[in-house]
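K.L.:
CSV, C-alpha atoms, saved as work-v7.csv, coming up:
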chain,number,residue,atom,x,y,z
A,1,MET,CA,12.6,22.3,-18.5
A,2,ILE,CA,14.7,20.5,-15.9
A,3,ALA,CA,12.7,22.3,-13.2
A,4,ARG,CA,9.5,20.6,-14.6
A,5,TYR,CA,11.0,17.1,-14.3
A,6,LEU,CA,12.3,17.8,-10.9
A,7,GLY,CA,8.7,18.6,-9.9
A,8,LEU,CA,7.5,15.4,-11.7
A,9,ALA,CA,10.1,13.3,-9.9
A,10,THR,CA,9.2,14.8,-6.5
A,11,SER,CA,5.5,14.2,-7.1
A,12,GLY,CA,6.1,10.7,-8.3
A,13,GLU,CA,8.3,9.7,-5.4
A,14,LEU,CA,5.9,11.0,-2.8
A,15,ALA,CA,3.0,9.3,-4.4
A,16,LEU,CA,5.0,6.0,-4.6
A,17,ALA,CA,5.9,6.3,-0.9
A,18,ASP,CA,2.3,6.8,0.0
A,19,ALA,CA,1.2,3.9,-2.2
A,20,ILE,CA,3.7,1.5,-0.8
A,21,ALA,CA,2.6,2.5,2.8
A,22,LEU,CA,-1.0,2.0,1.8
A,23,VAL,CA,-0.4,-1.5,0.4
A,24,GLY,CA,1.6,-2.3,3.6
A,25,PHE,CA,-1.5,-1.4,5.6
A,26,ARG,CA,-3.8,-3.4,3.4
A,27,HIS,CA,-1.7,-6.5,3.5
A,28,ALA,CA,0.0,-6.3,6.9
A,29,VAL,CA,-0.4,-10.0,7.4
A,30,ASP,CA,2.2,-10.6,4.7
A,31,PRO,CA,5.7,-10.2,6.4
A,32,GLU,CA,7.4,-9.5,3.1
A,33,MET,CA,4.9,-6.6,2.4
A,34,ARG,CA,5.4,-5.2,5.9
A,35,LYS,CA,9.2,-5.2,5.4
A,36,ALA,CA,8.9,-3.7,1.9
A,37,ALA,CA,6.5,-1.0,3.0
A,38,LYS,CA,8.9,0.3,5.6
A,39,MET,CA,12.1,0.0,3.5
A,40,TYR,CA,10.8,1.2,0.1
A,41,SER,CA,8.7,4.1,1.4
A,42,ALA,CA,11.8,5.3,3.2
A,43,TRP,CA,13.8,5.0,0.0
A,44,CYS,CA,11.3,7.2,-1.8
A,45,ARG,CA,11.4,9.9,0.8
A,46,ALA,CA,15.2,9.8,0.8
A,47,HIS,CA,15.1,10.3,-3.0
A,48,VAL,CA,13.0,13.5,-2.5
A,49,ASP,CA,15.6,14.8,0.0
A,50,ALA,CA,18.4,14.0,-2.5
A,51,LEU,CA,16.7,16.3,-5.1
A,52,GLN,CA,16.9,19.4,-2.9
A,53,PRO,CA,20.3,20.6,-4.1
A,54,ALA,CA,19.2,20.3,-7.7
A,55,ILE,CA,15.9,22.1,-6.9
A,56,GLU,CA,17.9,24.9,-5.3
A,57,ARG,CA,19.9,25.3,-8.6
A,58,TYR,CA,17.2,24.9,-11.2
A,59,GLY,CA,14.0,25.5,-9.3
A,60,SER,CA,11.0,23.2,-9.4
A,61,VAL,CA,7.6,23.4,-11.1
A,62,ARG,CA,5.0,21.9,-8.7
A,63,SER,CA,3.2,18.9,-10.2
A,64,ALA,CA,0.3,16.7,-9.0
A,65,ASP,CA,0.8,14.1,-11.7
A,66,GLY,CA,2.2,11.5,-9.3
A,67,GLU,CA,-0.8,11.9,-6.9
A,68,ARG,CA,-3.3,11.8,-9.8
A,69,LEU,CA,-1.8,8.5,-11.0
A,70,ARG,CA,-1.8,7.1,-7.5
A,71,ARG,CA,-5.5,8.0,-7.1
A,72,ALA,CA,-6.3,6.4,-10.4
A,73,LEU,CA,-4.8,3.1,-9.2
A,74,PHE,CA,-5.4,1.0,-6.1
A,75,ARG,CA,-9.2,1.1,-6.4
A,76,GLY,CA,-11.9,-1.4,-5.5
A,77,ASN,CA,-11.8,-4.3,-3.0
A,78,ARG,CA,-8.2,-5.5,-2.6
A,79,LEU,CA,-8.6,-8.3,-0.1
A,80,GLY,CA,-6.8,-11.6,0.1
A,81,ASN,CA,-4.3,-13.0,-2.4
A,82,PHE,CA,-6.0,-11.6,-5.4
A,83,GLY,CA,-6.1,-8.1,-3.9
A,84,LEU,CA,-2.4,-8.3,-3.1
A,85,LEU,CA,-1.7,-9.3,-6.6
A,86,ARG,CA,-3.6,-6.4,-8.0
A,87,ASP,CA,-1.9,-4.0,-5.6
A,88,ILE,CA,1.5,-5.2,-6.6
A,89,HIS,CA,0.5,-4.8,-10.2
A,90,ASP,CA,-0.4,-1.2,-9.6
A,91,LEU,CA,2.8,-0.5,-7.6
A,92,VAL,CA,4.8,-1.7,-10.7
A,93,THR,CA,2.8,0.7,-12.8
A,94,LEU,CA,3.5,3.7,-10.5
A,95,ALA,CA,7.1,2.8,-9.9
A,96,THR,CA,7.7,2.5,-13.7
A,97,SER,CA,6.4,6.0,-14.1
A,98,VAL,CA,8.9,7.2,-11.5
A,99,ARG,CA,11.7,5.3,-13.2
A,100,GLY,CA,10.9,7.3,-16.3
A,101,CYS,CA,11.4,10.6,-14.5
A,102,TRP,CA,14.8,9.5,-13.2
A,103,SER,CA,15.9,8.3,-16.7
A,104,ALA,CA,15.0,11.7,-18.2
A,105,LEU,CA,16.7,13.6,-15.4
A,106,TYR,CA,19.9,11.5,-15.8
A,107,GLN,CA,20.1,12.2,-19.5
A,108,ALA,CA,19.5,16.0,-19.0
A,109,ALA,CA,22.1,16.1,-16.2
A,110,ARG,CA,24.7,14.4,-18.5
A,111,GLU,CA,23.9,16.9,-21.3
A,112,SER,CA,24.2,19.8,-18.8
A,113,ARG,CA,27.4,18.3,-17.3
A,114,ASP,CA,25.8,18.6,-13.9
A,115,LEU,CA,27.8,15.9,-12.1
A,116,ASP,CA,25.9,16.1,-8.9
A,117,LEU,CA,22.6,15.6,-10.6
A,118,VAL,CA,24.1,12.8,-12.7
A,119,ALA,CA,25.1,11.0,-9.5
A,120,THR,CA,21.8,11.6,-7.8
A,121,SER,CA,19.8,10.5,-10.8
A,122,ARG,CA,21.9,7.4,-11.3
A,123,ASP,CA,21.6,6.3,-7.7
A,124,CYS,CA,17.9,6.9,-7.3
A,125,HIS,CA,17.2,5.3,-10.7
A,126,GLY,CA,19.1,2.2,-9.6
A,127,GLU,CA,17.0,2.0,-6.4
A,128,ILE,CA,13.8,2.3,-8.3
A,129,ILE,CA,14.9,-0.5,-10.6
A,130,ARG,CA,15.5,-2.6,-7.5
A,131,GLN,CA,12.0,-1.9,-6.2
A,132,ILE,CA,10.5,-2.8,-9.5
A,133,ALA,CA,12.5,-6.0,-9.7
A,134,TRP,CA,11.3,-7.0,-6.2
A,135,LEU,CA,7.7,-6.2,-7.1
A,136,GLU,CA,7.9,-8.2,-10.3
A,137,THR,CA,9.4,-11.2,-8.5
A,138,LYS,CA,6.6,-11.0,-5.9
A,139,LEU,CA,4.1,-10.8,-8.8
A,140,HIS,CA,5.6,-13.8,-10.6
A,141,HIS,CA,5.6,-15.9,-7.4
A,142,SER,CA,2.0,-14.9,-6.4
A,143,ALA,CA,0.2,-15.1,-9.8
A,144,PRO,CA,0.3,-18.8,-10.6
A,145,GLN,CA,-1.5,-20.0,-7.4
A,146,THR,CA,-3.7,-16.9,-7.0
A,147,LEU,CA,-5.1,-17.1,-10.6
A,148,THR,CA,-5.3,-20.9,-11.0
A,149,VAL,CA,-6.2,-22.4,-7.6
A,150,PRO,CA,-9.7,-22.0,-6.4
A,151,SER,CA,-9.7,-20.2,-3.0
A,152,ASP,CA,-11.8,-20.6,0.1
A,153,SER,CA,-13.3,-17.1,0.2
A,154,ILE,CA,-14.3,-17.2,3.9
A,155,LYS,CA,-10.9,-18.5,5.0
A,156,GLU,CA,-9.1,-16.0,2.7
A,157,LEU,CA,-11.1,-13.1,4.2
A,158,VAL,CA,-10.3,-14.2,7.7
A,159,THR,CA,-6.6,-14.7,7.1
A,160,SER,CA,-6.4,-11.3,5.3
A,161,ILE,CA,-7.3,-9.4,8.5
A,162,PRO,CA,-4.1,-8.2,10.3
A,163,ASN,CA,-3.7,-8.1,14.0
A,164,LEU,CA,-2.8,-5.0,15.9
A,165,ALA,CA,0.9,-5.9,16.1
A,166,GLN,CA,1.1,-6.4,12.3
A,167,VAL,CA,-0.6,-3.1,11.6
A,168,GLY,CA,1.5,-1.3,14.1
A,169,ALA,CA,4.6,-2.7,12.5
A,170,VAL,CA,3.9,-0.6,9.4
A,171,ALA,CA,2.1,2.3,11.0
A,172,HIS,CA,5.2,4.6,11.2
A,173,SER,CA,6.0,4.1,7.5
A,174,ALA,CA,3.0,6.2,6.5
A,175,PRO,CA,2.8,9.9,7.0
A,176,ARG,CA,-0.1,11.1,9.2
A,177,ALA,CA,-1.5,12.9,6.2
A,178,LEU,CA,-2.0,9.5,4.4
A,179,LEU,CA,-3.7,8.1,7.6
A,180,ARG,CA,-6.1,11.1,7.7
A,181,ARG,CA,-7.0,10.3,4.1
A,182,LEU,CA,-7.9,6.8,5.1
A,183,VAL,CA,-9.6,7.8,8.3
A,184,PRO,CA,-10.9,11.4,8.6
A,185,ILE,CA,-9.9,12.0,12.2
A,186,ALA,CA,-6.6,12.6,14.0
A,187,PRO,CA,-6.6,10.5,17.1
A,188,SER,CA,-3.7,9.0,18.9
A,189,ALA,CA,-1.7,6.3,17.1
A,190,GLY,CA,-3.1,3.5,19.1
A,191,ALA,CA,-6.7,4.6,18.6
A,192,LEU,CA,-6.1,5.2,14.9
A,193,VAL,CA,-4.9,1.6,14.4
A,194,VAL,CA,-8.1,0.3,16.1
A,195,VAL,CA,-10.3,2.5,13.9
A,196,LEU,CA,-8.5,1.3,10.8
A,197,ILE,CA,-9.1,-2.3,11.7
A,198,VAL,CA,-12.7,-1.8,12.5
A,199,ALA,CA,-13.2,0.0,9.1
A,200,LEU,CA,-11.5,-2.9,7.4
A,201,GLY,CA,-13.6,-5.4,9.2
A,202,ALA,CA,-16.8,-3.7,8.2
A,203,ALA,CA,-15.7,-3.5,4.6
A,204,ILE,CA,-14.8,-7.2,4.6
A,205,GLY,CA,-18.2,-8.0,6.2
A,206,ARG,CA,-20.1,-6.2,3.5
A,207,HIS,CA,-18.0,-7.7,0.7
A,208,ALA,CA,-18.6,-11.2,2.0
A,209,GLY,CA,-22.4,-10.6,2.3
A,210,LEU,CA,-22.3,-10.9,6.1
A,211,LEU,CA,-24.6,-8.0,6.7
A,212,GLY,CA,-28.0,-9.8,6.4
A,213,SER,CA,-31.1,-7.6,6.5
A,214,ALA,CA,-32.8,-9.7,9.2
A,215,ALA,CA,-30.3,-12.1,10.9
A,216,PRO,CA,-27.8,-10.7,13.4
A,217,SER,CA,-24.1,-11.0,12.3
A,218,ARG,CA,-23.4,-13.7,14.9
A,219,SER,CA,-26.0,-16.1,13.5
A,220,PHE,CA,-24.7,-16.7,10.0
A,221,ARG,CA,-23.2,-20.1,9.2
A,222,SER,CA,-20.5,-21.5,7.1
A,223,ARG,CA,-21.0,-24.2,4.4
A,224,ASN,CA,-20.5,-27.0,7.0
A,225,GLY,CA,-23.1,-25.5,9.3
A,226,ALA,CA,-20.8,-24.2,12.0
A,227,PRO,CA,-21.5,-20.7,13.3
A,228,GLN,CA,-19.2,-18.4,11.4
A,229,SER,CA,-18.2,-16.4,14.5
A,230,SER,CA,-16.8,-19.6,16.1
A,231,ILE,CA,-14.7,-20.2,13.0
A,232,LEU,CA,-13.3,-16.7,13.3
A,233,HIS,CA,-12.5,-17.1,16.9
A,234,LYS,CA,-10.8,-20.5,16.3
A,235,SER,CA,-8.7,-18.9,13.6
A,236,GLY,CA,-6.7,-17.1,16.3
A,237,TRP,CA,-8.0,-13.6,15.6
A,238,SER,CA,-10.1,-13.2,18.8
A,239,PRO,CA,-9.0,-9.5,19.6
A,240,ILE,CA,-9.9,-8.6,16.0
A,241,VAL,CA,-13.1,-10.5,15.9
A,242,ASP,CA,-14.5,-8.6,18.8
A,243,LEU,CA,-13.8,-5.3,17.0
A,244,LEU,CA,-15.4,-6.7,13.8
A,245,LEU,CA,-18.5,-7.9,15.5
A,246,GLY,CA,-19.0,-4.5,17.1
A,247,ALA,CA,-18.6,-2.9,13.7
A,248,LEU,CA,-21.1,-5.3,12.1
A,249,LYS,CA,-23.9,-4.8,14.6
Show how you would write the structure in this file as structure tokens.

P.N.:
Amino acid sequence: MIARYLGLATSGELALADAIALVGFRHAVDPEMRKAAKMYSAWCRAHVDALQPAIERYGSVRSADGERLRRALFRGNRLGNFGLLRDIHDLVTLATSVRGCWSALYQAARESRDLDLVATSRDCHGEIIRQIAWLETKLHHSAPQTLTVPSDSIKELVTSIPNLAQVGAVAHSAPRALLRRLVPIAPSAGALVVVLIVALGAAIGRHAGLLGSAAPSRSFRSRNGAPQSSILHKSGWSPIVDLLLGALK
């Protein structure tokens, strides 16, 4: 039975690593999320490596439960502050599931007097608790303003678009397999970043209703009458705007 939970823990940790990396990509404009994506995804993969001695002793029953839970979460449009809040909420859910695996393994290791697995389970459980504590703190700080203060949807959409440097800062935290799931090609790292941003821009445009059936994308206007493209350029996102306009043609 320990082998089953070793498989569950491995599946959960890998799914959590991918999810944290995905959220880091989605919200690369947030410096805290960029840092968390790199650090916490590395922790999760280190936890998988730490399980290898126990897997050699007990074996491991392959499980897809972690990946199934990850795929059930993180759905829909997750843009801006509200999207970040929802993604943090989902990360708490996934991380809590992983914490349960470590709790069960710790108790089983104590019963079996497996001191090595006791130490591994205790250390990994402690780091998962630290991740959950950080996520809950981030949620507590974000929720009041996100849920009670009306937002400027256009401004929030613009400020949620990361630049190349911000996306590149978290690119190496995700395995190439995850990137292929996001973009079904395997180009060079630089080209992949560009494709990701173009895809994100197209999604943002559609979500904001910018793809009019008759008018070109450059002609739509904001509430104050100013051309929207000039607002985007003045916001300091010129390199990204060129990509987005190309995607919206």

K.L.:
Which polymer residues have any atom within 8 Å of an atom of region 128-140 of chain A, counting only C-alpha atoms, with same-chain residues fewer than 5 positions away left out, as a PyMOL selection string?

P.N.:
chain A and resi 40+85+88-89+91-92+95-96+98-99

K.L.:
Restricting the calculation to only C-alpha atoms, which member of A:Leu94, A:Leu115, A:Ala108, A:Ala72 is positioned closest to Ala17 (chain A)?

P.N.:
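For Ala17 (chain A), the nearest of the candidates is A:Leu94.
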
K.L.:
Pick from A:Arg34, A:Arg122, A:Arg57, A:Arg45: nearest to Leu6 (chain A), with all atoms listed in the file counted?

P.N.:
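That would be A:Arg57, the residue with the smallest distance to Leu6 (chain A).
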
K.L.:
Pick out the closest residue to Ala15 (chain A) from this set: A:Ala50, A:Ile2, A:Leu69, A:Val29. Count only C-alpha atoms.

P.N.:
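Ranked by minimum distance to Ala15 (chain A), first place goes to A:Leu69.
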
K.L.:
What is the CA of His125 (chain A) to CA of Ser103 (chain A) distance in Å?

P.N.:
6.8 Å

K.L.:
For CA of Val118 (chain A) and CA of Gly59 (chain A), quote the distance in Å rounded to one decimal.

P.N.:
16.6 Å
